[in-house]
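**Student:** This structure is in structure tokens; I'll ask about it shortly.
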Amino acid sequence: QVLLVESGGGLVQAGGSLRLSCAASGLTFSNYVMGWFRQAPGKEREFVASVGWAGDRTYYADSVKGRFTISRDNAKDTIYLQMTTLKPEDTAVYFCAAHFGYAREFLDGISPRYYWGQGTQVTVSS
């Protein structure tokens, strides 16, 4: 059974930083590409960032480029999302996803082929 557990969310002021983590179990982690999505109230879940098997290939939504950094540690079966210069519009529930495919596929949006975590709330106050 694949299990993804996010952590690190919280309340932060605009301009601040947070680091999210997602610990995976029940899968051969290095065989899966990983991604982060987010969902704000009343909006659809949207792609944020993804990372390839070895961590050397990354993709970002335009809205977070230059501010967020995705990374992975295959020794710990964990991915991270370092978020800096946070804005109120970054407020959302952030979800981790795992996919047995290619990291660029996450750019197409959500898919029933992905495994999902339960999400962690990020709130950015102005």
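By convention here, the chains of the structure tokens are called A, B, ... in the order presented, each chain's residues are numbered starting at 1, and ligands are numbered starting at 1 in the order presented.
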Near Leu27 of chain A, counting only C-alpha atoms, which residues have an atom at most 9 Å away, once you skip same-chain residues fewer than 4 positions from it, shown as a PyMOL selection string?
**Tutor:** chain A and resi 1-3+31-32
**Student:** Pull C-alpha atoms from the residues just selected and write them as an mmCIF file, in the first residue's frame.
**Tutor:**
```cif
data_model
loop_
_atom_site.group_PDB
_atom_site.id
_atom_site.type_symbol
_atom_site.label_atom_id
_atom_site.label_comp_id
_atom_site.auth_asym_id
_atom_site.auth_seq_id
_atom_site.Cartn_x
_atom_site.Cartn_y
_atom_site.Cartn_z
ATOM 1 C CA GLN A 1 0.000 0.000 0.000
ATOM 2 C CA VAL A 2 1.451 3.326 -1.096
ATOM 3 C CA LEU A 3 1.425 5.965 1.621
ATOM 4 C CA ASN A 31 11.322 4.353 -9.527
ATOM 5 C CA TYR A 32 8.714 7.086 -9.080
#
```
**Student:** With a cut-off of 10 Å, could you pull out the residues of segment 26-115 of chain A touching segment 8-12 of chain A and give me the nearest pair of atoms for each, distance in Å to one decimal, using only C-alpha atoms, ordered by chain and ascending number, as JSON lines?
**Tutor:**
```
{"residue": "A:Tyr80", "atom": "CA", "partner": "A:Gly8", "partner_atom": "CA", "distance": 9.5}
{"residue": "A:Leu81", "atom": "CA", "partner": "A:Gly8", "partner_atom": "CA", "distance": 9.4}
{"residue": "A:Leu86", "atom": "CA", "partner": "A:Val12", "partner_atom": "CA", "distance": 8.1}
{"residue": "A:Lys87", "atom": "CA", "partner": "A:Val12", "partner_atom": "CA", "distance": 9.4}
{"residue": "A:Pro88", "atom": "CA", "partner": "A:Val12", "partner_atom": "CA", "distance": 9.4}
{"residue": "A:Thr91", "atom": "CA", "partner": "A:Leu11", "partner_atom": "CA", "distance": 9.1}
{"residue": "A:Ala92", "atom": "CA", "partner": "A:Gly9", "partner_atom": "CA", "distance": 9.8}
{"residue": "A:Val93", "atom": "CA", "partner": "A:Gly9", "partner_atom": "CA", "distance": 8.5}
{"residue": "A:Tyr94", "atom": "CA", "partner": "A:Gly9", "partner_atom": "CA", "distance": 8.1}
```
**Student:** To test your reading of the structure, identify every residue in chain A that backbone DSSP assigns to strand (DSSP E or B), and report it as a PyMOL selection string.
**Tutor:** chain A and resi 3-7+10-13+18-25+33-39+46-51+58-60+68-73+78-83+92-99+115-116+120-125
**Student:** I'd like the contact shell of segment 37-43 of chain A - 10 Å cut-off, only C-alpha atoms, skipping same-chain residues fewer than 6 positions apart - returned as a compact mmCIF listing (two decimals) with N, CA, C and O atoms, in the first residue's frame.
**Tutor:**
```txt
# COMPACT_ATOMS: atom_id res chain seq x y z
N ALA A 49 5.09 21.78 -8.74
CA ALA A 49 6.46 21.40 -9.10
C ALA A 49 6.57 19.89 -9.18
O ALA A 49 5.78 19.17 -8.56
N SER A 50 7.55 19.41 -9.95
CA SER A 50 7.80 17.98 -10.00
C SER A 50 9.29 17.72 -10.16
O SER A 50 10.05 18.60 -10.58
N ALA A 61 5.55 25.34 -12.00
CA ALA A 61 4.52 26.23 -12.51
C ALA A 61 5.11 27.64 -12.60
O ALA A 61 5.97 28.01 -11.80
N GLU A 89 -1.40 34.63 -2.13
CA GLU A 89 -1.99 33.75 -3.14
C GLU A 89 -1.39 32.35 -3.16
O GLU A 89 -1.87 31.48 -3.88
N ASP A 90 -0.35 32.13 -2.37
CA ASP A 90 0.19 30.77 -2.21
C ASP A 90 -0.60 29.97 -1.17
O ASP A 90 -0.35 28.77 -0.99
N THR A 91 -1.53 30.62 -0.49
CA THR A 91 -2.34 29.94 0.51
C THR A 91 -3.15 28.82 -0.14
O THR A 91 -3.89 29.06 -1.11
N ALA A 92 -2.99 27.61 0.37
CA ALA A 92 -3.66 26.44 -0.21
C ALA A 92 -3.32 25.21 0.63
O ALA A 92 -2.44 25.26 1.49
N VAL A 93 -4.01 24.13 0.33
CA VAL A 93 -3.58 22.83 0.83
C VAL A 93 -2.62 22.26 -0.21
O VAL A 93 -2.93 22.21 -1.40
N TYR A 94 -1.45 21.85 0.25
CA TYR A 94 -0.41 21.33 -0.62
C TYR A 94 -0.39 19.81 -0.55
O TYR A 94 -0.32 19.23 0.56
N PHE A 95 -0.44 19.18 -1.72
CA PHE A 95 -0.49 17.73 -1.82
C PHE A 95 0.76 17.19 -2.51
O PHE A 95 1.22 17.75 -3.50
N CYS A 96 1.22 16.09 -2.01
CA CYS A 96 2.32 15.35 -2.62
C CYS A 96 1.73 14.28 -3.53
O CYS A 96 0.67 13.70 -3.21
N ALA A 97 2.40 14.00 -4.65
CA ALA A 97 1.93 12.98 -5.57
C ALA A 97 3.10 12.14 -6.07
O ALA A 97 4.21 12.65 -6.23
N PHE A 106 3.29 15.62 -14.94
CA PHE A 106 2.55 16.35 -13.91
C PHE A 106 2.05 17.70 -14.41
O PHE A 106 1.05 18.22 -13.90
N LEU A 107 2.72 18.26 -15.40
CA LEU A 107 2.31 19.57 -15.92
C LEU A 107 0.92 19.51 -16.55
O LEU A 107 0.28 20.55 -16.70
N GLY A 109 -1.61 18.23 -15.20
CA GLY A 109 -2.62 18.30 -14.16
C GLY A 109 -2.85 16.97 -13.46
O GLY A 109 -2.09 16.02 -13.65
N ILE A 110 -3.91 16.92 -12.70
CA ILE A 110 -4.15 15.74 -11.87
C ILE A 110 -4.52 14.55 -12.74
O ILE A 110 -4.95 14.69 -13.89
N TRP A 116 -1.65 9.95 -4.01
CA TRP A 116 -1.76 11.25 -3.36
C TRP A 116 -1.59 11.13 -1.85
O TRP A 116 -2.01 10.13 -1.24
N GLY A 119 -2.41 15.89 2.26
CA GLY A 119 -2.28 17.34 2.16
C GLY A 119 -1.84 18.00 3.46
O GLY A 119 -2.04 17.47 4.56
N THR A 120 -1.24 19.16 3.30
CA THR A 120 -0.84 19.99 4.44
C THR A 120 -1.19 21.44 4.13
O THR A 120 -0.97 21.91 3.02
N GLN A 121 -1.77 22.12 5.12
CA GLN A 121 -2.26 23.48 4.91
C GLN A 121 -1.12 24.50 5.00
O GLN A 121 -0.33 24.48 5.96
N VAL A 122 -1.05 25.37 4.02
CA VAL A 122 -0.13 26.51 4.04
C VAL A 122 -0.98 27.77 3.97
O VAL A 122 -1.79 27.93 3.06
N THR A 123 -0.79 28.64 4.95
CA THR A 123 -1.53 29.90 4.99
C THR A 123 -0.53 31.05 5.07
O THR A 123 0.32 31.07 5.96
```
**Student:** Between atom CA of Trp36 of chain A and atom CA of Tyr59 of chain A, what is the spacing in Å?
**Tutor:**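 Spanning atom CA of Tyr59 of chain A to atom CA of Trp36 of chain A is a straight-line distance of 10.3 Å.
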**Student:** Using only C-alpha atoms, which residue out of A:Asp73, A:Ile79, A:Tyr60, A:Arg67 lies closest to Asp108 of chain A?
**Tutor:**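 Using only C-alpha atoms, Asp108 of chain A sits closest to A:Tyr60.
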**Student:** Measuring between only C-alpha atoms, which one of A:Ala54, A:Met83, A:Ile70, A:Ala98 shows the shortest distance to Ala14 of chain A?
**Tutor:**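 Closest to Ala14 of chain A of all the choices is A:Met83.
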